[in-house]
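Structure file target.pdb (PDB, C-alpha atoms) follows.
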MODEL        1
ATOM      1  CA  MET A  43      17.124 111.371  26.855
ATOM      2  CA  THR A  44      17.342 109.456  23.647
ATOM      3  CA  SER A  45      15.776 106.016  23.753
ATOM      4  CA  PHE A  46      17.360 103.220  21.866
ATOM      5  CA  GLN A  47      16.466  99.692  20.879
ATOM      6  CA  THR A  48      18.703  96.783  20.431
ATOM      7  CA  PRO A  49      18.576  95.028  17.070
ATOM      8  CA  GLY A  50      15.510  92.794  16.847
ATOM      9  CA  SER A  51      13.804  94.323  19.916
ATOM     10  CA  ALA A  52      11.291  96.224  17.793
ATOM     11  CA  GLY A  53      10.130  93.013  16.169
ATOM     12  CA  VAL A  54       9.731  91.357  19.565
ATOM     13  CA  ILE A  55       7.666  94.260  20.918
ATOM     14  CA  GLU A  56       5.493  94.310  17.804
ATOM     15  CA  GLU A  57       4.914  90.545  18.041
ATOM     16  CA  GLN A  58       3.928  90.812  21.742
ATOM     17  CA  ALA A  59       1.497  93.619  20.961
ATOM     18  CA  THR A  60      -0.075  91.597  18.158
ATOM     19  CA  THR A  61      -0.458  88.564  20.428
ATOM     20  CA  ALA A  62      -2.086  90.658  23.163
ATOM     21  CA  LEU A  63      -4.463  92.180  20.637
ATOM     22  CA  ARG A  64      -5.479  88.782  19.334
ATOM     23  CA  SER A  65      -6.091  87.443  22.844
ATOM     24  CA  THR A  66      -8.384  90.336  23.645
ATOM     25  CA  PRO A  67     -12.060  89.439  23.040
ATOM     26  CA  GLU A  68     -13.541  91.144  20.002
ATOM     27  CA  SER A  69     -16.368  92.521  22.094
ATOM     28  CA  ALA A  70     -13.825  94.278  24.346
ATOM     29  CA  ARG A  71     -12.065  95.778  21.299
ATOM     30  CA  GLY A  72     -15.316  97.204  20.017
ATOM     31  CA  GLY A  73     -15.119  95.429  16.677
ATOM     32  CA  ARG A  74     -17.926  94.635  14.306
ATOM     33  CA  GLY A  75     -18.582  91.331  16.036
ATOM     34  CA  ALA A  76     -19.269  92.977  19.392
ATOM     35  CA  ARG A  77     -22.696  92.052  20.703
ATOM     36  CA  PRO A  78     -24.620  93.873  23.362
ATOM     37  CA  PRO A  79     -25.045  91.871  26.574
ATOM     38  CA  ARG A  80     -28.318  89.984  26.630
ATOM     39  CA  SER A  81     -30.453  89.945  29.731
ATOM     40  CA  ARG A  82     -31.174  86.437  31.027
ATOM     41  CA  GLU A  83     -34.817  85.507  30.510
ATOM     42  CA  LYS A  84     -36.620  84.612  33.699
ATOM     43  CA  ALA A  85     -38.333  81.270  34.031
ATOM     44  CA  TYR A  86     -41.372  82.758  35.761
ATOM     45  CA  ARG A  87     -43.900  85.473  34.991
ATOM     46  CA  THR A  88     -43.145  88.822  36.578
ATOM     47  CA  ARG A  89     -45.761  91.174  37.947
ATOM     48  CA  GLY A  90     -47.637  92.918  35.161
ATOM     49  CA  SER A  91     -46.331  90.551  32.483
ATOM     50  CA  ALA A  92     -48.772  89.357  29.837
ATOM     51  CA  ASP A  93     -46.883  86.122  29.148
ATOM     52  CA  ILE A  94     -49.445  83.604  30.406
ATOM     53  CA  MET A  95     -47.322  80.669  29.191
ATOM     54  CA  LYS A  96     -44.952  81.129  32.145
ATOM     55  CA  PRO A  97     -45.941  80.347  35.739
ATOM     56  CA  SER A  98     -45.792  82.878  38.509
ATOM     57  CA  LEU A  99     -42.945  82.705  41.021
ATOM     58  CA  ALA A 100     -45.162  80.985  43.582
ATOM     59  CA  GLY A 101     -46.385  78.518  40.958
ATOM     60  CA  LEU A 102     -42.828  77.743  39.887
ATOM     61  CA  ILE A 103     -41.741  77.088  43.461
ATOM     62  CA  GLY A 104     -44.807  74.924  44.080
ATOM     63  CA  LYS A 105     -44.108  72.909  40.928
ATOM     64  CA  TYR A 106     -40.567  72.089  41.985
ATOM     65  CA  VAL A 107     -41.634  71.276  45.540
ATOM     66  CA  LEU A 108     -44.223  68.849  44.154
ATOM     67  CA  LEU A 109     -41.616  67.291  41.852
ATOM     68  CA  VAL A 110     -39.237  66.767  44.780
ATOM     69  CA  VAL A 111     -42.013  65.131  46.834
ATOM     70  CA  VAL A 112     -43.004  62.799  43.990
ATOM     71  CA  LEU A 113     -39.338  61.979  43.332
ATOM     72  CA  GLY A 114     -38.845  61.105  46.990
ATOM     73  CA  ILE A 115     -41.901  58.831  47.035
ATOM     74  CA  MET A 116     -40.768  57.005  43.916
ATOM     75  CA  VAL A 117     -37.026  56.784  44.549
ATOM     76  CA  PHE A 118     -36.848  56.295  48.318
ATOM     77  CA  PRO A 119     -38.034  52.629  48.345
ATOM     78  CA  PHE A 120     -35.363  51.757  45.789
ATOM     79  CA  LEU A 121     -32.656  53.561  47.760
ATOM     80  CA  TRP A 122     -33.755  51.877  51.010
ATOM     81  CA  GLN A 123     -33.691  48.448  49.345
ATOM     82  CA  LEU A 124     -30.283  49.129  47.832
ATOM     83  CA  SER A 125     -28.919  50.312  51.191
ATOM     84  CA  THR A 126     -30.357  47.266  52.974
ATOM     85  CA  SER A 127     -28.618  44.894  50.576
ATOM     86  CA  PHE A 128     -25.216  46.325  51.543
ATOM     87  CA  LYS A 129     -25.764  46.543  55.317
ATOM     88  CA  GLY A 130     -24.187  44.029  57.637
ATOM     89  CA  SER A 131     -26.069  41.846  60.089
ATOM     90  CA  GLY A 132     -25.322  44.178  62.991
ATOM     91  CA  GLU A 133     -26.828  47.295  61.398
ATOM     92  CA  ASP A 134     -30.381  48.411  62.064
ATOM     93  CA  ILE A 135     -32.389  48.569  58.847
ATOM     94  CA  TYR A 136     -35.654  49.698  60.454
ATOM     95  CA  GLY A 137     -34.401  52.748  62.333
ATOM     96  CA  PHE A 138     -36.048  56.131  61.926
ATOM     97  CA  PRO A 139     -34.958  58.325  60.340
ATOM     98  CA  PRO A 140     -33.525  55.673  58.031
ATOM     99  CA  ASN A 141     -29.797  55.620  57.467
ATOM    100  CA  LEU A 142     -29.258  55.073  53.758
ATOM    101  CA  ILE A 143     -25.453  54.931  53.981
ATOM    102  CA  PRO A 144     -24.189  51.611  55.408
ATOM    103  CA  SER A 145     -21.535  52.039  58.076
ATOM    104  CA  ALA A 146     -19.716  48.885  56.940
ATOM    105  CA  PRO A 147     -20.782  47.955  53.395
ATOM    106  CA  THR A 148     -20.555  44.281  52.540
ATOM    107  CA  LEU A 149     -21.193  42.068  49.516
ATOM    108  CA  ASP A 150     -21.809  38.944  51.579
ATOM    109  CA  HIS A 151     -25.555  39.017  50.912
ATOM    110  CA  TYR A 152     -25.023  39.095  47.156
ATOM    111  CA  ALA A 153     -22.611  36.183  47.433
ATOM    112  CA  GLU A 154     -25.235  34.321  49.467
ATOM    113  CA  VAL A 155     -27.784  34.806  46.692
ATOM    114  CA  PHE A 156     -25.430  33.331  44.096
ATOM    115  CA  ARG A 157     -24.623  30.398  46.404
ATOM    116  CA  THR A 158     -28.290  29.658  47.037
ATOM    117  CA  ILE A 159     -29.818  29.810  43.564
ATOM    118  CA  PRO A 160     -28.422  29.559  39.996
ATOM    119  CA  VAL A 161     -28.867  33.241  39.196
ATOM    120  CA  LEU A 162     -27.256  33.106  35.764
ATOM    121  CA  ASP A 163     -29.428  30.200  34.601
ATOM    122  CA  TYR A 164     -32.600  31.945  35.759
ATOM    123  CA  ALA A 165     -31.456  35.195  34.141
ATOM    124  CA  ARG A 166     -30.887  33.337  30.856
ATOM    125  CA  ASN A 167     -34.439  31.975  30.969
ATOM    126  CA  SER A 168     -35.831  35.445  31.623
ATOM    127  CA  LEU A 169     -33.726  36.848  28.789
ATOM    128  CA  LEU A 170     -35.022  34.268  26.321
ATOM    129  CA  VAL A 171     -38.622  35.010  27.247
ATOM    130  CA  GLY A 172     -38.008  38.777  27.164
ATOM    131  CA  VAL A 173     -36.318  38.833  23.764
ATOM    132  CA  GLY A 174     -38.998  36.601  22.242
ATOM    133  CA  THR A 175     -41.723  38.824  23.682
ATOM    134  CA  VAL A 176     -40.109  41.932  22.215
ATOM    135  CA  ILE A 177     -39.801  40.411  18.735
ATOM    136  CA  THR A 178     -43.383  39.158  18.524
ATOM    137  CA  ASN A 179     -44.897  42.299  20.030
ATOM    138  CA  VAL A 180     -43.024  44.565  17.631
ATOM    139  CA  ILE A 181     -43.969  42.500  14.565
ATOM    140  CA  PHE A 182     -47.598  41.698  15.344
ATOM    141  CA  ALA A 183     -48.396  45.013  17.020
ATOM    142  CA  THR A 184     -47.025  46.853  13.975
ATOM    143  CA  LEU A 185     -49.115  44.802  11.573
ATOM    144  CA  GLY A 186     -52.233  45.033  13.732
ATOM    145  CA  GLY A 187     -51.731  48.735  14.341
ATOM    146  CA  TYR A 188     -51.349  49.362  10.617
ATOM    147  CA  ALA A 189     -54.575  47.497   9.890
ATOM    148  CA  LEU A 190     -56.545  49.334  12.579
ATOM    149  CA  GLY A 191     -54.984  52.740  12.013
ATOM    150  CA  CYS A 192     -54.588  52.975   8.256
ATOM    151  CA  LEU A 193     -56.955  50.518   6.580
ATOM    152  CA  LYS A 194     -60.731  50.616   6.185
ATOM    153  CA  PHE A 195     -62.676  47.374   6.481
ATOM    154  CA  ARG A 196     -66.042  46.151   7.683
ATOM    155  CA  GLY A 197     -66.199  45.386  11.407
ATOM    156  CA  LYS A 198     -63.287  47.627  12.323
ATOM    157  CA  GLY A 199     -65.236  49.223  15.162
ATOM    158  CA  ILE A 200     -66.077  45.804  16.627
ATOM    159  CA  VAL A 201     -62.414  44.776  16.544
ATOM    160  CA  MET A 202     -61.411  47.993  18.305
ATOM    161  CA  ALA A 203     -64.105  47.401  20.931
ATOM    162  CA  ILE A 204     -62.783  43.883  21.561
ATOM    163  CA  PHE A 205     -59.242  45.193  22.044
ATOM    164  CA  PHE A 206     -60.441  47.875  24.432
ATOM    165  CA  SER A 207     -62.564  45.391  26.385
ATOM    166  CA  THR A 208     -59.529  43.208  27.071
ATOM    167  CA  LEU A 209     -57.952  46.131  28.900
ATOM    168  CA  LEU A 210     -60.844  46.196  31.381
ATOM    169  CA  LEU A 211     -60.139  42.665  32.610
ATOM    170  CA  PRO A 212     -57.386  42.092  35.176
ATOM    171  CA  GLY A 213     -54.869  39.429  34.310
ATOM    172  CA  GLU A 214     -56.008  37.176  37.158
ATOM    173  CA  VAL A 215     -59.415  36.717  35.501
ATOM    174  CA  THR A 216     -57.926  35.003  32.449
ATOM    175  CA  LEU A 217     -55.247  33.111  34.360
ATOM    176  CA  THR A 218     -57.176  29.832  34.505
ATOM    177  CA  SER A 219     -58.175  29.883  30.843
ATOM    178  CA  GLN A 220     -54.618  30.697  29.828
ATOM    179  CA  TYR A 221     -53.249  27.794  31.860
ATOM    180  CA  LEU A 222     -55.779  25.335  30.417
ATOM    181  CA  THR A 223     -54.934  26.515  26.899
ATOM    182  CA  VAL A 224     -51.192  26.197  27.436
ATOM    183  CA  LYS A 225     -51.611  22.792  29.073
ATOM    184  CA  SER A 226     -53.764  21.508  26.195
ATOM    185  CA  LEU A 227     -50.988  22.541  23.799
ATOM    186  CA  GLY A 228     -48.470  20.538  25.806
ATOM    187  CA  LEU A 229     -46.483  23.643  26.748
ATOM    188  CA  ALA A 230     -46.962  23.544  30.516
ATOM    189  CA  ASN A 231     -43.724  23.685  32.502
ATOM    190  CA  THR A 232     -41.827  25.093  29.509
ATOM    191  CA  LEU A 233     -40.494  28.507  28.594
ATOM    192  CA  TRP A 234     -42.754  28.427  25.531
ATOM    193  CA  GLY A 235     -45.707  28.288  27.890
ATOM    194  CA  VAL A 236     -44.372  31.325  29.753
ATOM    195  CA  PHE A 237     -43.825  33.224  26.534
ATOM    196  CA  LEU A 238     -47.032  32.455  24.630
ATOM    197  CA  PRO A 239     -49.644  34.580  26.544
ATOM    198  CA  GLY A 240     -47.449  37.668  26.318
ATOM    199  CA  ALA A 241     -46.491  37.231  22.664
ATOM    200  CA  ILE A 242     -48.904  40.018  21.721
ATOM    201  CA  ALA A 243     -50.519  42.550  24.038
ATOM    202  CA  ALA A 244     -53.696  44.443  23.223
ATOM    203  CA  ILE A 245     -52.334  47.696  24.604
ATOM    204  CA  ASN A 246     -49.374  47.500  22.229
ATOM    205  CA  VAL A 247     -51.668  47.038  19.234
ATOM    206  CA  LEU A 248     -53.698  50.065  20.279
ATOM    207  CA  LEU A 249     -50.541  52.142  20.760
ATOM    208  CA  MET A 250     -49.318  51.231  17.302
ATOM    209  CA  ALA A 251     -52.761  51.948  15.843
ATOM    210  CA  ALA A 252     -52.658  55.429  17.381
ATOM    211  CA  ALA A 253     -49.208  56.005  15.875
ATOM    212  CA  CYS A 254     -50.313  54.780  12.442
ATOM    213  CA  ARG A 255     -53.389  56.985  12.581
ATOM    214  CA  MET A 256     -51.117  60.058  12.648
ATOM    215  CA  ILE A 257     -49.811  59.261   9.162
ATOM    216  CA  PRO A 258     -51.719  61.344   6.566
ATOM    217  CA  ALA A 259     -54.024  59.184   4.460
ATOM    218  CA  ASP A 260     -53.080  61.193   1.369
ATOM    219  CA  THR A 261     -49.506  59.979   1.658
ATOM    220  CA  LEU A 262     -50.566  56.342   1.727
ATOM    221  CA  ASP A 263     -53.035  56.893  -1.121
ATOM    222  CA  ALA A 264     -50.313  58.514  -3.230
ATOM    223  CA  ALA A 265     -48.031  55.545  -2.615
ATOM    224  CA  THR A 266     -50.814  53.173  -3.632
ATOM    225  CA  ILE A 267     -51.423  55.108  -6.846
ATOM    226  CA  ASP A 268     -47.695  54.916  -7.600
ATOM    227  CA  GLY A 269     -47.924  51.139  -7.414
ATOM    228  CA  ALA A 270     -46.602  50.465  -3.913
ATOM    229  CA  ASN A 271     -47.890  47.272  -2.339
ATOM    230  CA  THR A 272     -48.647  46.769   1.349
ATOM    231  CA  LEU A 273     -45.129  45.670   2.262
ATOM    232  CA  GLN A 274     -43.595  48.667   0.496
ATOM    233  CA  ARG A 275     -45.965  51.072   2.235
ATOM    234  CA  LEU A 276     -45.078  49.516   5.569
ATOM    235  CA  ARG A 277     -41.364  49.709   4.924
ATOM    236  CA  HIS A 278     -41.003  53.137   3.326
ATOM    237  CA  ILE A 279     -43.867  55.165   4.801
ATOM    238  CA  VAL A 280     -45.280  53.582   7.942
ATOM    239  CA  TRP A 281     -42.107  52.300   9.588
ATOM    240  CA  PRO A 282     -40.112  55.611   9.522
ATOM    241  CA  ASN A 283     -43.034  57.348  11.230
ATOM    242  CA  ILE A 284     -43.746  54.820  13.976
ATOM    243  CA  ARG A 285     -40.202  53.998  15.090
ATOM    244  CA  GLY A 286     -40.725  56.091  18.187
ATOM    245  CA  MET A 287     -43.740  54.080  19.262
ATOM    246  CA  VAL A 288     -41.930  50.860  18.338
ATOM    247  CA  SER A 289     -39.194  51.726  20.818
ATOM    248  CA  VAL A 290     -41.829  52.319  23.503
ATOM    249  CA  VAL A 291     -43.510  48.988  22.766
ATOM    250  CA  ALA A 292     -40.199  47.111  22.686
ATOM    251  CA  LEU A 293     -38.917  48.519  25.956
ATOM    252  CA  PHE A 294     -42.161  48.043  27.862
ATOM    253  CA  ALA A 295     -42.618  44.541  26.441
ATOM    254  CA  PHE A 296     -39.188  43.498  27.679
ATOM    255  CA  ILE A 297     -39.694  45.043  31.108
ATOM    256  CA  GLY A 298     -43.078  43.365  31.454
ATOM    257  CA  ALA A 299     -41.689  39.963  30.458
ATOM    258  CA  TRP A 300     -38.654  40.315  32.726
ATOM    259  CA  ASP A 301     -40.679  41.384  35.764
ATOM    260  CA  GLU A 302     -43.572  38.917  35.267
ATOM    261  CA  PHE A 303     -43.997  36.746  38.369
ATOM    262  CA  LEU A 304     -47.489  35.308  38.743
ATOM    263  CA  TRP A 305     -47.831  33.589  35.358
ATOM    264  CA  PRO A 306     -44.392  31.873  35.389
ATOM    265  CA  LEU A 307     -45.090  30.774  38.961
ATOM    266  CA  VAL A 308     -48.319  29.107  37.826
ATOM    267  CA  VAL A 309     -47.113  27.454  34.620
ATOM    268  CA  LEU A 310     -43.648  26.316  35.768
ATOM    269  CA  SER A 311     -42.981  23.453  38.155
ATOM    270  CA  ASP A 312     -39.434  22.424  37.242
ATOM    271  CA  PRO A 313     -36.840  24.657  38.999
ATOM    272  CA  ALA A 314     -34.562  24.298  35.969
ATOM    273  CA  ASN A 315     -37.046  26.360  33.924
ATOM    274  CA  TYR A 316     -37.626  29.092  36.498
ATOM    275  CA  THR A 317     -37.309  32.682  35.414
ATOM    276  CA  LEU A 318     -35.339  35.086  37.561
ATOM    277  CA  THR A 319     -38.323  36.547  39.411
ATOM    278  CA  VAL A 320     -39.684  33.112  40.299
ATOM    279  CA  GLY A 321     -36.233  31.926  41.346
ATOM    280  CA  MET A 322     -35.838  34.940  43.614
ATOM    281  CA  ASN A 323     -39.024  33.908  45.395
ATOM    282  CA  TYR A 324     -37.032  30.939  46.731
ATOM    283  CA  LEU A 325     -35.052  33.422  48.809
ATOM    284  CA  ASN A 326     -38.238  34.646  50.443
ATOM    285  CA  SER A 327     -38.973  31.156  51.739
ATOM    286  CA  ASN A 328     -35.460  30.262  52.850
ATOM    287  CA  PHE A 329     -34.330  33.654  54.106
ATOM    288  CA  GLY A 330     -37.596  35.116  55.351
ATOM    289  CA  SER A 331     -35.895  36.255  58.539
ATOM    290  CA  ASN A 332     -33.019  37.920  56.669
ATOM    291  CA  PRO A 333     -34.388  40.798  54.591
ATOM    292  CA  ARG A 334     -30.833  41.777  53.629
ATOM    293  CA  VAL A 335     -30.456  38.687  51.421
ATOM    294  CA  ILE A 336     -33.920  39.258  49.951
ATOM    295  CA  ALA A 337     -32.978  42.879  49.200
ATOM    296  CA  ALA A 338     -29.800  41.701  47.483
ATOM    297  CA  GLY A 339     -31.811  39.305  45.312
ATOM    298  CA  THR A 340     -34.238  42.085  44.439
ATOM    299  CA  MET A 341     -31.381  44.330  43.348
ATOM    300  CA  ILE A 342     -29.901  41.577  41.190
ATOM    301  CA  ALA A 343     -33.228  41.196  39.392
ATOM    302  CA  LEU A 344     -33.720  44.960  39.068
ATOM    303  CA  VAL A 345     -30.270  46.143  38.006
ATOM    304  CA  PRO A 346     -30.468  44.754  34.420
ATOM    305  CA  ILE A 347     -33.655  46.749  33.808
ATOM    306  CA  ILE A 348     -32.043  49.922  35.141
ATOM    307  CA  ILE A 349     -28.966  49.425  32.985
ATOM    308  CA  LEU A 350     -31.099  48.714  29.907
ATOM    309  CA  PHE A 351     -33.165  51.861  30.323
ATOM    310  CA  ALA A 352     -30.097  53.974  31.128
ATOM    311  CA  VAL A 353     -28.405  52.804  27.925
ATOM    312  CA  LEU A 354     -31.460  53.128  25.686
ATOM    313  CA  GLN A 355     -33.178  56.166  27.153
ATOM    314  CA  LYS A 356     -31.651  58.535  24.575
ATOM    315  CA  GLN A 357     -32.983  56.456  21.691
ATOM    316  CA  PHE A 358     -36.241  55.960  23.562
ATOM    317  CA  PHE A 359     -37.038  59.639  24.037
ATOM    318  CA  LYS A 360     -35.597  60.586  20.653
ATOM    319  CA  GLY A 361     -37.824  58.026  18.992
ATOM    320  CA  VAL A 362     -40.920  59.260  20.806
ATOM    321  CA  GLU A 363     -40.344  62.752  19.428
ATOM    322  CA  GLU A 364     -40.220  61.499  15.840
ATOM    323  CA  GLY A 365     -43.582  62.031  14.249
ATOM    324  CA  SER A 366     -43.257  63.941  11.002
ATOM    325  CA  VAL A 367     -43.619  62.222   7.662
ATOM    326  CA  LYS A 368     -40.198  61.668   6.101
ATOM    327  CA  GLY A 369     -39.828  62.753   2.508
TER
ENDMDL
END

Encoded form using structure tokens:
Amino acid sequence: MTSFQTPGSAGVIEEQATTALRSTPESARGGRGARPPRSREKAYRTRGSADIMKPSLAGLIGKYVLLVVVLGIMVFPFLWQLSTSFKGSGEDIYGFPPNLIPSAPTLDHYAEVFRTIPVLDYARNSLLVGVGTVITNVIFATLGGYALGCLKFRGKGIVMAIFFSTLLLPGEVTLTSQYLTVKSLGLANTLWGVFLPGAIAAINVLLMAAACRMIPADTLDAATIDGANTLQRLRHIVWPNIRGMVSVVALFAFIGAWDEFLWPLVVLSDPANYTLTVGMNYLNSNFGSNPRVIAAGTMIALVPIIILFAVLQKQFFKGVEEGSVKG
């Protein structure tokens, strides 16, 4: 039987064949780009393997079990507090095992917090103190860290010993002396008095000194020979190599200033100047029998920190990894 094709049908068949050929993966066609299938590398060390950098199967399982346990210990209190803030008055918050999903979620407790205390005013005060603390810690810790990490001068060991010794003293030991100093300056019951003791932290200076110490001395000496002054060395050599540690100092300084409770409670007496943590303590006295309202206030004070870290965590961890000298 003689086959026949209508006019134009050959072109249609050829076009369909070309399209099918193009849609076929190159590896299936056996072309030059075909790659042999790669076996998936195991995350643990198999029996008889000499790769000591990988854990055994039992060690890998134990590591993840430990991580889950630690995660539960750290995260569960936050989840319980968050769940309590949304539970109604008729729900049991102390039952065991705890029910973390409210049966009838409500925002009444959050509304009660805003009706009881001026949350936005207290948050503004905390923000002012936090931003000021970040600025001064970044500036002074960078300068102090550069001096201790990169410069040579007489008495450097004594200065380092003094900084380390301050870390051995709990904050409560210096509380009285700090208050007397702030009061003598006329800054008691002001946000300046809250801000001043935390304007520079010894631990931040030591962290910046450790970061500056990683910069090769030859690089700084070469810049000095080329005529660079101290400010130019800081700007063009030191700063690009310590930005990671600066992000750590800035974030921890803000969190510490935002969460500080004892010192603002001591130095402030006017409710108009209260920071958010001190203002939330008012809920504990008025609503001591209603932990749901207290939990709502705690979440209000905590959520800004969570949002801040969630937004900046990429820059935070990226900055920590930066350590090579930029050309």

TODO: Step by step, work through what the PyMOL selection byres ((chain A and resi 231) around 9) selects in the shown file, and finish by giving those residues as a PyMOL selection string.
DONE: chain A and resi 225+228-230+232-236+306+308-312+315

Task: Picked residues, the PyMOL selection byres ((chain A and resi 143-153) around 10), expected as a PyMOL selection string - done: chain A and resi 121-122+124-135+140-142+154-158+332-339+341-342

Open item on the list: Since I can't run it myself right now, could you work out what the PyMOL selection byres ((chain A and resi 294) around 12) selects here and report it as a ChimeraX atom specification?
Closed with: /A:172-173,175-176,179-180,240,243,245-246,249,287-293,295-302,347,350-351,358

Task: Selection: 12 Å around Leu162 (chain A), only C-alpha atoms, excl. self and same-chain fewer than 3 positions, as a ChimeraX atom specification - done: /A:155-159,165-169,314,316-318,321-322,342-343

Return as JSON the centre and edge lengths, in Å with one decimal, of the box along x, y and z that encloses every atom of region 135-144 of chain A in the file, padded by 3 Å per side.
{"center_x": -30.1, "center_y": 53.4, "center_z": 58.0, "size_x": 17.9, "size_y": 15.8, "size_z": 14.6}

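Taking CA of Ile177 (chain A) and CA of Ala241 (chain A) as the two end points, the separation is 8.4 Å.
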
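In this structure, CA of Tyr221 (chain A) sits 20.6 Å away from CA of Asn323 (chain A).
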
Which neighbours of Tyr188 (chain A) fall inside 12 Å, counting all atoms listed in the file, when residues of the same chain fewer than 2 positions from it are skipped, and could you give them as an mmCIF file with C-alpha atoms, in the coordinates of the input?
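As a result, selection36.cif now contains:
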data_model
loop_
_atom_site.group_PDB
_atom_site.id
_atom_site.type_symbol
_atom_site.label_atom_id
_atom_site.label_comp_id
_atom_site.auth_asym_id
_atom_site.auth_seq_id
_atom_site.Cartn_x
_atom_site.Cartn_y
_atom_site.Cartn_z
ATOM 1 C CA VAL A 180 -43.024 44.565 17.631
ATOM 2 C CA ILE A 181 -43.969 42.500 14.565
ATOM 3 C CA PHE A 182 -47.598 41.698 15.344
ATOM 4 C CA ALA A 183 -48.396 45.013 17.020
ATOM 5 C CA THR A 184 -47.025 46.853 13.975
ATOM 6 C CA LEU A 185 -49.115 44.802 11.573
ATOM 7 C CA GLY A 186 -52.233 45.033 13.732
ATOM 8 C CA LEU A 190 -56.545 49.334 12.579
ATOM 9 C CA GLY A 191 -54.984 52.740 12.013
ATOM 10 C CA CYS A 192 -54.588 52.975 8.256
ATOM 11 C CA LEU A 193 -56.955 50.518 6.580
ATOM 12 C CA LYS A 194 -60.731 50.616 6.185
ATOM 13 C CA ASN A 246 -49.374 47.500 22.229
ATOM 14 C CA VAL A 247 -51.668 47.038 19.234
ATOM 15 C CA LEU A 248 -53.698 50.065 20.279
ATOM 16 C CA LEU A 249 -50.541 52.142 20.760
ATOM 17 C CA MET A 250 -49.318 51.231 17.302
ATOM 18 C CA ALA A 251 -52.761 51.948 15.843
ATOM 19 C CA ALA A 252 -52.658 55.429 17.381
ATOM 20 C CA ALA A 253 -49.208 56.005 15.875
ATOM 21 C CA CYS A 254 -50.313 54.780 12.442
ATOM 22 C CA ARG A 255 -53.389 56.985 12.581
ATOM 23 C CA MET A 256 -51.117 60.058 12.648
ATOM 24 C CA ILE A 257 -49.811 59.261 9.162
ATOM 25 C CA ALA A 259 -54.024 59.184 4.460
ATOM 26 C CA LEU A 262 -50.566 56.342 1.727
ATOM 27 C CA THR A 272 -48.647 46.769 1.349
ATOM 28 C CA LEU A 273 -45.129 45.670 2.262
ATOM 29 C CA ARG A 275 -45.965 51.072 2.235
ATOM 30 C CA LEU A 276 -45.078 49.516 5.569
ATOM 31 C CA ARG A 277 -41.364 49.709 4.924
ATOM 32 C CA ILE A 279 -43.867 55.165 4.801
ATOM 33 C CA VAL A 280 -45.280 53.582 7.942
ATOM 34 C CA TRP A 281 -42.107 52.300 9.588
ATOM 35 C CA ASN A 283 -43.034 57.348 11.230
ATOM 36 C CA ILE A 284 -43.746 54.820 13.976
#

Open item on the list: I need the residue nearest Leu217 (chain A) from this list: A:Pro282, A:Gly174, A:Gly197, A:Trp305. Use only C-alpha atoms for the distance.
Closed with: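 The closest residue to Leu217 (chain A) is A:Trp305.
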
TODO: Can you work out the spacing between CA of Pro160 (chain A) and CA of Thr319 (chain A) in Å, to one decimal?
DONE: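 Interatomic distance here is 12.1 Å.
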
TODO: Determine, counting only C-alpha atoms, which protein, DNA and RNA residues have an atom within 8 Å of an atom of Phe205 (chain A); residues of the same chain fewer than 3 positions away are not included. Present the result as a PyMOL selection string.
DONE: chain A and resi 201-202+208-209+244-245+248

Extract region 204-221 of chain A from the preceding block and save C-alpha atoms as a tab-separated table (two decimals), in the first residue's frame.
chain	number	residue	atom	x	y	z
A	204	ILE	CA	41.60	45.69	84.55
A	205	PHE	CA	39.13	44.93	81.76
A	206	PHE	CA	39.18	41.23	82.58
A	207	SER	CA	38.74	41.90	86.30
A	208	THR	CA	35.53	43.85	85.66
A	209	LEU	CA	34.04	40.70	84.15
A	210	LEU	CA	34.50	38.85	87.45
A	211	LEU	CA	32.23	41.24	89.35
A	212	PRO	CA	28.46	40.79	89.14
A	213	GLY	CA	26.49	43.88	88.24
A	214	GLU	CA	24.84	44.04	91.67
A	215	VAL	CA	28.21	44.74	93.32
A	216	THR	CA	28.65	48.04	91.47
A	217	LEU	CA	24.99	49.03	91.60
A	218	THR	CA	25.36	51.35	94.59
A	219	SER	CA	28.45	53.10	93.26
A	220	GLN	CA	26.80	53.55	89.88
A	221	TYR	CA	23.72	55.10	91.46
